[in-house]
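Source file: start_1.cif (mmCIF, C-alpha atoms)
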```cif
data_coords
#
loop_
_atom_site.group_PDB
_atom_site.id
_atom_site.type_symbol
_atom_site.label_atom_id
_atom_site.label_comp_id
_atom_site.auth_asym_id
_atom_site.auth_seq_id
_atom_site.Cartn_x
_atom_site.Cartn_y
_atom_site.Cartn_z
ATOM 1 C CA MET P 1 0.000 0.000 0.000
ATOM 2 C CA PHE P 2 1.435 3.345 -1.077
ATOM 3 C CA GLY P 3 1.785 6.173 1.419
ATOM 4 C CA VAL P 4 -1.111 8.229 0.059
ATOM 5 C CA GLU P 5 -3.353 5.145 0.190
ATOM 6 C CA ARG P 6 -2.511 4.669 3.868
ATOM 7 C CA TYR P 7 -3.188 8.348 4.587
ATOM 8 C CA GLU P 8 -6.596 8.089 2.921
ATOM 9 C CA LYS P 9 -7.400 4.865 4.765
ATOM 10 C CA ILE P 10 -6.407 6.416 8.098
ATOM 11 C CA LEU P 11 -8.636 9.433 7.441
ATOM 12 C CA GLU P 12 -11.522 7.153 6.468
ATOM 13 C CA MET P 13 -11.101 5.143 9.675
ATOM 14 C CA LEU P 14 -10.950 8.279 11.797
ATOM 15 C CA LYS P 15 -14.137 9.580 10.175
ATOM 16 C CA GLY P 16 -15.926 6.508 11.470
ATOM 17 C CA ASP P 17 -14.579 6.696 15.026
ATOM 18 C CA GLN P 18 -14.024 9.607 17.369
ATOM 19 C CA ALA P 19 -10.524 8.335 18.094
ATOM 20 C CA THR P 20 -8.491 5.315 16.980
ATOM 21 C CA SER P 21 -5.402 3.738 18.516
ATOM 22 C CA VAL P 22 -2.085 3.233 16.777
ATOM 23 C CA LYS P 23 -2.369 -0.495 17.442
ATOM 24 C CA SER P 24 -5.793 -0.688 15.781
ATOM 25 C CA LEU P 25 -4.627 1.297 12.756
ATOM 26 C CA ALA P 26 -1.528 -0.871 12.335
ATOM 27 C CA LYS P 27 -3.622 -4.036 12.468
ATOM 28 C CA SER P 28 -6.133 -2.743 9.905
ATOM 29 C CA LEU P 29 -3.443 -1.467 7.522
ATOM 30 C CA PHE P 30 -1.154 -4.517 7.909
ATOM 31 C CA VAL P 31 1.843 -2.332 8.710
ATOM 32 C CA SER P 32 4.014 -1.772 11.757
ATOM 33 C CA GLU P 33 3.057 0.602 14.557
ATOM 34 C CA ALA P 34 6.200 2.601 13.741
ATOM 35 C CA THR P 35 4.907 3.164 10.191
ATOM 36 C CA VAL P 36 1.526 4.290 11.544
ATOM 37 C CA ARG P 37 3.196 6.730 13.940
ATOM 38 C CA ARG P 38 5.178 8.275 11.059
ATOM 39 C CA ASP P 39 1.986 8.586 9.005
ATOM 40 C CA LEU P 40 0.145 10.188 11.916
ATOM 41 C CA ASP P 41 2.992 12.648 12.479
ATOM 42 C CA LEU P 42 2.782 13.726 8.824
ATOM 43 C CA LEU P 43 -1.021 14.004 8.874
ATOM 44 C CA GLU P 44 -0.874 16.049 12.061
ATOM 45 C CA LYS P 45 1.793 18.323 10.591
ATOM 46 C CA ASN P 46 -0.592 19.010 7.701
ATOM 47 C CA GLY P 47 -3.459 19.804 10.041
ATOM 48 C CA LEU P 48 -5.615 16.798 9.152
ATOM 49 C CA ILE P 49 -5.595 15.001 12.508
ATOM 50 C CA ARG P 50 -4.797 15.578 16.163
ATOM 51 C CA ARG P 51 -2.539 13.180 18.021
ATOM 52 C CA ILE P 52 -3.793 11.904 21.350
ATOM 53 C CA TYR P 53 -2.247 9.469 23.810
ATOM 54 C CA GLY P 54 -1.864 6.130 22.030
ATOM 55 C CA GLY P 55 -3.616 7.197 18.844
ATOM 56 C CA ALA P 56 -5.263 10.030 16.919
ATOM 57 C CA MET P 57 -8.532 11.749 16.086
ATOM 58 C CA LEU P 58 -9.722 13.726 13.081
ATOM 59 C CA ASN P 59 -9.561 17.519 13.051
ATOM 60 C CA ARG P 60 -12.238 18.028 10.401
ATOM 61 C CA ALA P 61 -14.322 15.219 8.935
ATOM 62 C CA ASN P 62 -14.392 16.723 5.448
ATOM 63 C CA LYS P 63 -10.626 17.032 4.978
ATOM 64 C CA ASP P 64 -8.936 15.062 2.169
ATOM 65 C CA VAL P 65 -5.273 14.360 1.544
ATOM 66 C CA PRO P 66 -3.869 17.657 0.151
ATOM 67 C CA LEU P 67 -2.752 17.949 -3.463
ATOM 68 C CA TYR P 68 0.902 18.535 -2.622
ATOM 69 C CA MET P 69 0.983 15.247 -0.678
ATOM 70 C CA ARG P 70 -0.628 13.373 -3.587
ATOM 71 C CA GLU P 71 1.754 14.869 -6.165
ATOM 72 C CA SER P 72 4.724 12.951 -4.773
ATOM 73 C CA GLU P 73 2.946 9.585 -5.023
ATOM 74 C CA GLN P 74 3.004 7.347 -8.112
ATOM 75 C CA THR P 75 5.407 9.741 -9.863
ATOM 76 C CA GLU P 76 6.666 7.143 -12.341
ATOM 77 C CA ALA P 77 3.128 6.037 -13.243
ATOM 78 C CA LYS P 78 2.005 9.645 -13.697
ATOM 79 C CA ASN P 79 4.952 10.365 -15.983
ATOM 80 C CA VAL P 80 3.970 7.436 -18.210
ATOM 81 C CA ILE P 81 0.356 8.597 -18.260
ATOM 82 C CA GLY P 82 1.325 12.220 -18.892
ATOM 83 C CA ARG P 83 3.471 11.258 -21.874
ATOM 84 C CA LYS P 84 0.662 9.140 -23.374
ATOM 85 C CA ALA P 85 -1.855 11.937 -22.889
ATOM 86 C CA ALA P 86 0.358 14.560 -24.540
ATOM 87 C CA GLU P 87 0.551 12.359 -27.654
ATOM 88 C CA LEU P 88 -3.204 12.902 -28.139
ATOM 89 C CA VAL P 89 -2.815 16.687 -28.376
ATOM 90 C CA ARG P 90 -2.696 18.415 -31.763
ATOM 91 C CA GLU P 91 -1.622 21.892 -32.748
ATOM 92 C CA ASN P 92 -4.434 24.468 -32.277
ATOM 93 C CA ASP P 93 -6.281 22.291 -29.756
ATOM 94 C CA VAL P 94 -8.424 23.733 -26.980
ATOM 95 C CA ILE P 95 -7.693 21.641 -23.874
ATOM 96 C CA LEU P 96 -9.606 21.368 -20.616
ATOM 97 C CA PHE P 97 -7.743 20.268 -17.480
ATOM 98 C CA ASP P 98 -9.265 19.475 -14.115
ATOM 99 C CA ALA P 99 -7.273 20.228 -10.959
ATOM 100 C CA SER P 100 -6.027 16.670 -10.352
ATOM 101 C CA SER P 101 -2.354 15.858 -9.875
ATOM 102 C CA THR P 102 -2.596 13.313 -12.720
ATOM 103 C CA ALA P 103 -3.881 15.863 -15.236
ATOM 104 C CA TYR P 104 -1.105 18.166 -13.999
ATOM 105 C CA SER P 105 1.404 15.492 -15.069
ATOM 106 C CA VAL P 106 0.500 16.009 -18.738
ATOM 107 C CA ILE P 107 1.902 19.531 -18.855
ATOM 108 C CA PRO P 108 5.665 18.766 -18.850
ATOM 109 C CA PHE P 109 5.171 16.753 -22.054
ATOM 110 C CA LEU P 110 3.366 19.482 -23.998
ATOM 111 C CA THR P 111 6.398 20.454 -26.040
ATOM 112 C CA GLY P 112 6.778 21.558 -29.643
ATOM 113 C CA PHE P 113 3.422 23.362 -29.822
ATOM 114 C CA SER P 114 3.045 27.021 -30.744
ATOM 115 C CA ASN P 115 -0.734 27.489 -30.563
ATOM 116 C CA LEU P 116 -2.596 25.718 -27.770
ATOM 117 C CA LEU P 117 -5.324 27.122 -25.551
ATOM 118 C CA ALA P 118 -5.775 25.594 -22.099
ATOM 119 C CA ILE P 119 -8.632 26.060 -19.636
ATOM 120 C CA THR P 120 -8.343 24.757 -16.109
ATOM 121 C CA SER P 121 -10.047 24.811 -12.727
ATOM 122 C CA GLY P 122 -6.724 24.179 -10.976
ATOM 123 C CA LEU P 123 -4.467 26.947 -9.679
ATOM 124 C CA LYS P 124 -1.262 24.871 -9.733
ATOM 125 C CA THR P 125 -2.170 23.537 -13.173
ATOM 126 C CA ALA P 126 -2.572 27.088 -14.460
ATOM 127 C CA MET P 127 0.825 28.069 -13.050
ATOM 128 C CA ALA P 128 2.513 25.096 -14.727
ATOM 129 C CA LEU P 129 0.858 25.936 -18.047
ATOM 130 C CA GLY P 130 2.056 29.504 -17.721
ATOM 131 C CA GLU P 131 5.607 28.311 -17.188
ATOM 132 C CA LYS P 132 5.314 26.433 -20.513
ATOM 133 C CA HIS P 133 4.102 29.675 -22.160
ATOM 134 C CA ILE P 134 0.790 28.051 -23.102
ATOM 135 C CA LYS P 135 -2.122 30.485 -23.363
ATOM 136 C CA THR P 136 -4.302 29.701 -20.360
ATOM 137 C CA LEU P 137 -7.735 30.616 -19.034
ATOM 138 C CA VAL P 138 -8.448 29.983 -15.347
ATOM 139 C CA THR P 139 -12.034 29.477 -14.237
ATOM 140 C CA GLY P 140 -11.677 31.419 -11.014
ATOM 141 C CA GLY P 141 -14.339 30.926 -8.370
ATOM 142 C CA THR P 142 -14.157 29.594 -4.824
ATOM 143 C CA MET P 143 -10.901 27.770 -4.153
ATOM 144 C CA ILE P 144 -10.754 24.530 -2.168
ATOM 145 C CA ASP P 145 -7.710 25.071 0.016
ATOM 146 C CA ASN P 146 -6.319 21.530 0.051
ATOM 147 C CA SER P 147 -6.548 20.913 -3.715
ATOM 148 C CA TYR P 148 -6.173 24.458 -5.124
ATOM 149 C CA SER P 149 -9.247 23.683 -7.219
ATOM 150 C CA PHE P 150 -11.844 26.285 -8.185
ATOM 151 C CA ILE P 151 -15.538 25.493 -7.828
ATOM 152 C CA GLY P 152 -18.847 27.365 -7.713
ATOM 153 C CA ARG P 153 -21.013 29.403 -10.036
ATOM 154 C CA HIS P 154 -18.257 31.766 -11.156
ATOM 155 C CA ALA P 155 -16.088 28.813 -12.240
ATOM 156 C CA GLU P 156 -19.013 27.140 -13.975
ATOM 157 C CA SER P 157 -19.929 30.266 -15.964
ATOM 158 C CA LEU P 158 -16.645 30.176 -17.894
ATOM 159 C CA ILE P 159 -16.888 26.463 -18.710
ATOM 160 C CA GLU P 160 -20.447 26.883 -20.002
ATOM 161 C CA ASN P 161 -19.119 29.000 -22.881
ATOM 162 C CA ILE P 162 -16.203 26.747 -23.849
ATOM 163 C CA ASN P 163 -16.010 24.303 -26.770
ATOM 164 C CA ALA P 164 -12.945 22.160 -26.072
ATOM 165 C CA ASP P 165 -11.313 19.515 -28.212
ATOM 166 C CA ILE P 166 -10.109 17.350 -25.333
ATOM 167 C CA PHE P 167 -10.610 17.084 -21.571
ATOM 168 C CA PHE P 168 -7.942 15.523 -19.345
ATOM 169 C CA PHE P 169 -9.226 14.519 -15.932
ATOM 170 C CA SER P 170 -8.811 12.069 -13.103
ATOM 171 C CA CYS P 171 -10.565 11.030 -9.893
ATOM 172 C CA ARG P 172 -9.732 9.105 -6.743
ATOM 173 C CA GLY P 173 -10.865 5.627 -7.797
ATOM 174 C CA ILE P 174 -12.603 3.394 -10.309
ATOM 175 C CA THR P 175 -14.619 0.396 -9.160
ATOM 176 C CA ALA P 176 -14.485 -3.073 -10.676
ATOM 177 C CA ASP P 177 -17.783 -2.429 -12.463
ATOM 178 C CA GLY P 178 -16.461 0.785 -14.045
ATOM 179 C CA ARG P 179 -17.815 3.568 -11.835
ATOM 180 C CA LEU P 180 -15.479 6.579 -11.502
ATOM 181 C CA THR P 181 -15.684 7.869 -7.928
ATOM 182 C CA ASP P 182 -14.240 10.695 -5.867
ATOM 183 C CA SER P 183 -14.317 12.103 -2.342
ATOM 184 C CA SER P 184 -15.079 15.675 -3.465
ATOM 185 C CA MET P 185 -18.622 16.228 -4.685
ATOM 186 C CA GLU P 186 -17.900 19.845 -5.677
ATOM 187 C CA GLU P 187 -14.877 18.995 -7.843
ATOM 188 C CA SER P 188 -16.767 16.092 -9.402
ATOM 189 C CA GLN P 189 -19.618 18.400 -10.343
ATOM 190 C CA MET P 190 -17.134 20.698 -12.094
ATOM 191 C CA ARG P 191 -15.806 17.703 -14.030
ATOM 192 C CA GLN P 192 -19.336 16.711 -15.030
ATOM 193 C CA LEU P 193 -19.860 20.187 -16.477
ATOM 194 C CA MET P 194 -16.531 19.967 -18.327
ATOM 195 C CA PHE P 195 -17.718 16.663 -19.840
ATOM 196 C CA LYS P 196 -20.495 18.520 -21.634
ATOM 197 C CA HIS P 197 -18.115 20.996 -23.217
ATOM 198 C CA ALA P 198 -15.368 18.703 -24.546
ATOM 199 C CA ARG P 199 -15.430 16.639 -27.715
ATOM 200 C CA ARG P 200 -13.130 13.982 -26.266
ATOM 201 C CA LYS P 201 -13.034 12.914 -22.605
ATOM 202 C CA VAL P 202 -9.773 11.275 -21.504
ATOM 203 C CA PHE P 203 -9.645 9.619 -18.088
ATOM 204 C CA LEU P 204 -6.149 9.476 -16.569
ATOM 205 C CA ALA P 205 -5.710 6.881 -13.827
ATOM 206 C CA ALA P 206 -2.739 5.144 -12.242
ATOM 207 C CA SER P 207 -3.390 1.429 -11.760
ATOM 208 C CA SER P 208 -3.436 1.953 -7.976
ATOM 209 C CA LYS P 209 -6.847 3.630 -8.387
ATOM 210 C CA ILE P 210 -8.458 0.543 -9.883
ATOM 211 C CA GLY P 211 -10.788 -1.203 -7.464
ATOM 212 C CA ARG P 212 -11.130 1.791 -5.143
ATOM 213 C CA GLU P 213 -14.461 3.380 -4.338
ATOM 214 C CA TYR P 214 -15.323 6.769 -2.827
ATOM 215 C CA PHE P 215 -18.658 8.219 -1.828
ATOM 216 C CA TYR P 216 -19.483 10.311 -4.927
ATOM 217 C CA THR P 217 -19.925 8.772 -8.386
ATOM 218 C CA LEU P 218 -18.604 11.046 -11.123
ATOM 219 C CA CYS P 219 -19.618 8.923 -14.109
ATOM 220 C CA ASN P 220 -19.218 5.463 -15.638
ATOM 221 C CA ILE P 221 -16.451 4.199 -17.879
ATOM 222 C CA ASP P 222 -19.027 4.197 -20.711
ATOM 223 C CA ASP P 223 -19.143 8.015 -20.500
ATOM 224 C CA VAL P 224 -15.476 8.555 -21.393
ATOM 225 C CA ASP P 225 -13.688 8.182 -24.729
ATOM 226 C CA ASP P 226 -10.264 7.033 -23.531
ATOM 227 C CA MET P 227 -8.631 5.758 -20.362
ATOM 228 C CA LEU P 228 -4.870 6.057 -19.985
ATOM 229 C CA SER P 229 -2.861 4.224 -17.332
ATOM 230 C CA GLU P 230 0.695 3.032 -16.896
ATOM 231 C CA THR P 231 -0.598 -0.540 -17.297
ATOM 232 C CA GLU P 232 -2.950 -2.288 -19.703
ATOM 233 C CA ILE P 233 -6.619 -1.316 -19.501
ATOM 234 C CA PRO P 234 -9.079 -4.188 -18.875
ATOM 235 C CA PRO P 235 -10.529 -5.332 -22.249
ATOM 236 C CA GLU P 236 -14.109 -4.999 -20.970
ATOM 237 C CA TRP P 237 -13.555 -1.311 -20.216
ATOM 238 C CA LYS P 238 -12.070 -0.775 -23.693
ATOM 239 C CA ARG P 239 -15.207 -2.278 -25.237
ATOM 240 C CA ARG P 240 -17.439 -0.057 -23.133
ATOM 241 C CA MET P 241 -15.534 3.082 -24.186
ATOM 242 C CA TYR P 242 -15.629 2.239 -27.892
ATOM 243 C CA LYS P 243 -18.034 4.618 -29.651
ATOM 244 C CA PRO P 244 -17.627 4.474 -33.445
ATOM 245 C CA GLY P 245 -18.343 7.846 -35.019
ATOM 246 C CA ALA P 246 -19.490 9.379 -31.734
ATOM 247 C CA ALA P 247 -16.953 12.234 -31.626
ATOM 248 C CA PRO P 248 -16.937 14.503 -34.730
ATOM 249 C CA GLU P 249 -13.653 15.923 -35.887
ATOM 250 C CA ARG P 250 -12.903 19.529 -35.003
ATOM 251 C CA GLU P 251 -13.036 21.948 -37.885
ATOM 252 C CA ALA P 252 -9.676 23.426 -38.868
#
```
Would you mind giving the structure from this file in structure tokens?
Amino acid sequence: MFGVERYEKILEMLKGDQATSVKSLAKSLFVSEATVRRDLDLLEKNGLIRRIYGGAMLNRANKDVPLYMRESEQTEAKNVIGRKAAELVRENDVILFDASSTAYSVIPFLTGFSNLLAITSGLKTAMALGEKHIKTLVTGGTMIDNSYSFIGRHAESLIENINADIFFFSCRGITADGRLTDSSMEESQMRQLMFKHARRKVFLAASSKIGREYFYTLCNIDDVDDMLSETEIPPEWKRRMYKPGAAPEREA
């Protein structure tokens, strides 16, 4: 289990109980108590939990693992995914990015283009696009402080007037039956709006997300046009995404 997966599991367990012991967490996670203590120290440092004698309790039940902690996980997988995604981009494309760390990983590979337009609901994504000198529109709106993602009516109003060629997005997990799920309802609702304004929807997901379920369902695998991972995609999901003639070509 990767570090970010343990952090998420710890937060989920603490949401269910007022306080949980180190011993109980170690047993549930199949790791040593020393590993749990290190994880708790990091989560406390980031303001997500409060350490108590022999264990921990949650600070705020609606807190998720912050973006900057997720960025350092699955770096190799995200680089593979980012490179694959960039190969789908063409000159003159209008590209939508959500605020996920996986969509962010596409940006370093957007090289050799002179005329791209990017629209994003992510502050860090916008900054990275700016560093690549890619013309960028930022939705603005209310910012979620642990993901640097913009949500709300102001953010939605920009997306409603966009006609994008491609939308790169991710979420926290995909279930065995092909449901894309996330822990943030607000961010998921922004993604659902972006779906309606992009010709091609490309789901970016490290293999570690497969088989994981969160409380809010974003969509089904049938609703996307492509899924990119660092490993092979299950054949059943490929069949469900196949839509002959469903996405018209963009006019030059």
At a cut-off of 8 Å, can you tabulate as JSON lines every residue of stretch 149-206 of chain P near stretch 219-234 of chain P together with its closest atom pair and the distance in Å to one decimal, using all atoms listed in the file and ordering rows by chain then number?
```
{"residue": "P:Gly178", "atom": "CA", "partner": "P:Ile221", "partner_atom": "CA", "distance": 5.1}
{"residue": "P:Arg179", "atom": "CA", "partner": "P:Asn220", "partner_atom": "CA", "distance": 4.5}
{"residue": "P:Leu180", "atom": "CA", "partner": "P:Cys219", "partner_atom": "CA", "distance": 5.4}
{"residue": "P:Thr181", "atom": "CA", "partner": "P:Cys219", "partner_atom": "CA", "distance": 7.4}
{"residue": "P:Gln192", "atom": "CA", "partner": "P:Cys219", "partner_atom": "CA", "distance": 7.8}
{"residue": "P:Arg200", "atom": "CA", "partner": "P:Asp225", "partner_atom": "CA", "distance": 6.0}
{"residue": "P:Lys201", "atom": "CA", "partner": "P:Val224", "partner_atom": "CA", "distance": 5.1}
{"residue": "P:Val202", "atom": "CA", "partner": "P:Asp226", "partner_atom": "CA", "distance": 4.7}
{"residue": "P:Phe203", "atom": "CA", "partner": "P:Met227", "partner_atom": "CA", "distance": 4.6}
{"residue": "P:Leu204", "atom": "CA", "partner": "P:Leu228", "partner_atom": "CA", "distance": 5.0}
{"residue": "P:Ala205", "atom": "CA", "partner": "P:Ser229", "partner_atom": "CA", "distance": 5.2}
{"residue": "P:Ala206", "atom": "CA", "partner": "P:Ser229", "partner_atom": "CA", "distance": 5.2}
```
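Counting from atom CA of P:Asn92, the distance to atom CA of P:Thr111 is 13.1 Å.
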- For the file shown, what are the residues hit by the PyMOL selection byres ((chain P and resi 173) around 9), laid out as a PyMOL selection string? chain P and resi 170-172+174-175+179-182+205+208-214
Next, the residues of the selection above should be written as a PDB file, keeping the file's coordinate frame with C-alpha atoms.
```pdb
ATOM      1  CA  SER P 170      -8.811  12.069 -13.103  1.00  0.00           C
ATOM      2  CA  CYS P 171     -10.565  11.030  -9.893  1.00  0.00           C
ATOM      3  CA  ARG P 172      -9.732   9.105  -6.743  1.00  0.00           C
ATOM      4  CA  ILE P 174     -12.603   3.394 -10.309  1.00  0.00           C
ATOM      5  CA  THR P 175     -14.619   0.396  -9.160  1.00  0.00           C
ATOM      6  CA  ARG P 179     -17.815   3.568 -11.835  1.00  0.00           C
ATOM      7  CA  LEU P 180     -15.479   6.579 -11.502  1.00  0.00           C
ATOM      8  CA  THR P 181     -15.684   7.869  -7.928  1.00  0.00           C
ATOM      9  CA  ASP P 182     -14.240  10.695  -5.867  1.00  0.00           C
ATOM     10  CA  ALA P 205      -5.710   6.881 -13.827  1.00  0.00           C
ATOM     11  CA  SER P 208      -3.436   1.953  -7.976  1.00  0.00           C
ATOM     12  CA  LYS P 209      -6.847   3.630  -8.387  1.00  0.00           C
ATOM     13  CA  ILE P 210      -8.458   0.543  -9.883  1.00  0.00           C
ATOM     14  CA  GLY P 211     -10.788  -1.203  -7.464  1.00  0.00           C
ATOM     15  CA  ARG P 212     -11.130   1.791  -5.143  1.00  0.00           C
ATOM     16  CA  GLU P 213     -14.461   3.380  -4.338  1.00  0.00           C
ATOM     17  CA  TYR P 214     -15.323   6.769  -2.827  1.00  0.00           C
TER      18      TYR P 214
END
```
- Task: Convert the output of the PyMOL selection byres ((chain P and resi 80) around 10) on the shown file into explicit residues, formatted as a PyMOL selection string.
- Result: chain P and resi 75-79+81-85+105-106+206+228-231
- Message: Excluding P:Tyr148 and its own-chain neighbours fewer than 5 positions away, which residues fall within 7 Å of it when counting all atoms listed in the file? Please give them as an NGL selection string.
- Response: :P and (122-124 or 143)
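The nearest approach to P:Thr125 among the residues P:Gly141, P:His154, P:Phe168, P:Ser28, with only C-alpha atoms taken into account, belongs to P:Phe168.
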Assuming 5 Å of padding per side, give the centre and edge lengths of the axis-aligned box around every listed atom of stretch 135-141 of chain P, in Å to one decimal and as JSON.
```
{"center_x": -8.2, "center_y": 30.4, "center_z": -15.9, "size_x": 22.2, "size_y": 11.9, "size_z": 25.0}
```
- Item | Residue nearest P:Gly130 - candidates P:Ile49, P:Leu116, P:Val31, P:Leu14, atoms counted: all atoms listed in the file | P:Leu116
- Between atom CA of P:Lys9 and atom CA of P:Leu40 - distance in Å to one decimal: 11.7 Å
At a cut-off of 6 Å from (-10.6, 9.9, 18.4) in the coordinates of the file, what residues are picked up using only C-alpha atoms, written as a short mmCIF file (atom, residue, chain, number, x, y, z; two decimals) with C-alpha atoms, in the frame of the given file?
```
data_model
loop_
_atom_site.label_atom_id
_atom_site.label_comp_id
_atom_site.auth_asym_id
_atom_site.auth_seq_id
_atom_site.Cartn_x
_atom_site.Cartn_y
_atom_site.Cartn_z
CA GLN P 18 -14.02 9.61 17.37
CA ALA P 19 -10.52 8.34 18.09
CA THR P 20 -8.49 5.32 16.98
CA ALA P 56 -5.26 10.03 16.92
CA MET P 57 -8.53 11.75 16.09
#
```
- Can you work out the spacing between atom CA of P:Gly152 and atom CA of P:Leu43 in Å, to one decimal? 27.8 Å
- So what does the PyMOL selection byres ((chain P and resi 90) around 12) actually pick up in this one, as a list of chain:residue names? P:Ala85, P:Ala86, P:Glu87, P:Leu88, P:Val89, P:Glu91, P:Asn92, P:Asp93, P:Val94, P:Ile95, P:Leu110, P:Thr111, P:Gly112, P:Phe113, P:Ser114, P:Asn115, P:Leu116, P:Leu117, P:Asp165, P:Ile166, P:Glu249, P:Arg250, P:Ala252
- Close residues, P:Leu193 itself excluded, 10 Å, all atoms listed in the file, min 3 positions apart in chain, as a PyMOL selection string: chain P and resi 156+159-160+188-190+196-198
- Which is closer to P:Leu96 than all the others in P:Thr142, P:Ala155, P:Phe150, P:Ile162, using all atoms listed in the file? P:Ile162
- Note on the structure: From the list P:Asn163, P:Asp98, P:Met185, P:Glu131, the nearest residue to P:Phe215 using all atoms listed in the file is P:Met185
